[in-house]
Amino acid sequence: QVQLVESGGGLVQAGGSLRLSCAASGSISSINVMAWYRQAPGKQRDWVALVTSDGITNYADSVKGRFTISRDNAKNTLYLQMNSLKPEDTAVYYCNTVPKTSKYWGQGTQVTVSS
C-alpha cells in the first residue's frame, strides 16, 4: 500500500519561496492525477494544484502564476514550487490523488508566511 509523506514546509517571509515534496513509498506511475491540497486554520481543506500522468496541470485561481506542480514518476515524488508567497498561503499542505483517497492522507507539511 502506497503511503505519501509531505515535507519542505517552513516559515518564510511574504514574497519568498518554498519547494514542497511528497514522497511515495511505492510507485505513483499508475496514479493518473495527483494533487496538492491545503488547509488553513478554521477552514476546509481545499485543492491547490493537480498534475496528470501526462503532465497536464491545473491550478486554483488563488495560486495561478505563483505555484508550479510537477511529478517525477521515476523518483515516486510529487513537488510544489511556491513563489511570491503571501500570508494567505499559510496552511498545512497535503498531497493526495484526484479524486481524494482517504488512505493517502498524511501528516502534511506546515507552511507559514509572515507579512
# chains A, B, ... in the order shown; residues from 1 in each chain; ligands from 1
>>> residues_around(residues="segment 53-55 of chain A", least_positions_apart="4", cutoff="12 Å", atoms="only C-alpha atoms", output="number ranges by chain")
A: 28-35, 68-73, 76, 78, 97-98
>>> select_by_dssp(residues="segment 16-50 of chain A", states="strand (DSSP E or B)", output="PyMOL selection string")
chain A and resi 18-24+33-39+45-50
>>> residues_around(residues="Tyr37 of chain A", least_positions_apart="6", cutoff="6 Å", atoms="only C-alpha atoms", output="list in words")
Asp46, Trp47, Val48, Tyr93 and Tyr94 of chain A
>>> residues_around(residues="Gln13 of chain A", least_positions_apart="6", cutoff="12 Å", atoms="only C-alpha atoms", output="PyMOL selection string")
chain A and resi 83-90+111-115
>>> residues_around(residues="Ala23 of chain A", least_positions_apart="3", cutoff="9 Å", atoms="only C-alpha atoms", output="PyMOL selection string")
chain A and resi 3-7+26+75-79
>>> closest_residue(among="A:Val2, A:Gly10, A:Thr57, A:Val63", to="Ser102 of chain A", atoms="only C-alpha atoms")
A:Val2
>>> closest_residue(among="A:Gln1, A:Gln44, A:Thr52, A:Gln81", to="Ala24 of chain A", atoms="only C-alpha atoms")
A:Gln1
>>> atom_distance(atom1="atom CA of Ile56 of chain A", atom2="atom CA of Gln39 of chain A")
23.8 Å
>>> atom_distance(atom1="atom CA of Met82 of chain A", atom2="atom CA of Lys103 of chain A")
25.9 Å
>>> closest_residue(among="A:Phe67, A:Ala14, A:Gly108, A:Ala74", to="Ser27 of chain A", atoms="only C-alpha atoms")
A:Ala74
>>> residues_around(residues="Asn96 of chain A", least_positions_apart="3", cutoff="7 Å", atoms="only C-alpha atoms", output="list in words")
Met34, Ala35, Trp36, Lys100, Thr101, Tyr104 and Trp105 of chain A
>>> atom_distance(atom1="atom CA of Lys43 of chain A", atom2="atom CA of Ser25 of chain A")
29.0 Å
>>> select_by_dssp(residues="chain A", states="helix (DSSP H, G or I)", output="list in words")
Pro87, Glu88, Asp89, Ser102, Lys103 and Tyr104 of chain A
>>> closest_residue(among="A:Tyr59, A:Leu20, A:Pro99, A:Val92", to="Arg45 of chain A", atoms="only C-alpha atoms")
A:Val92
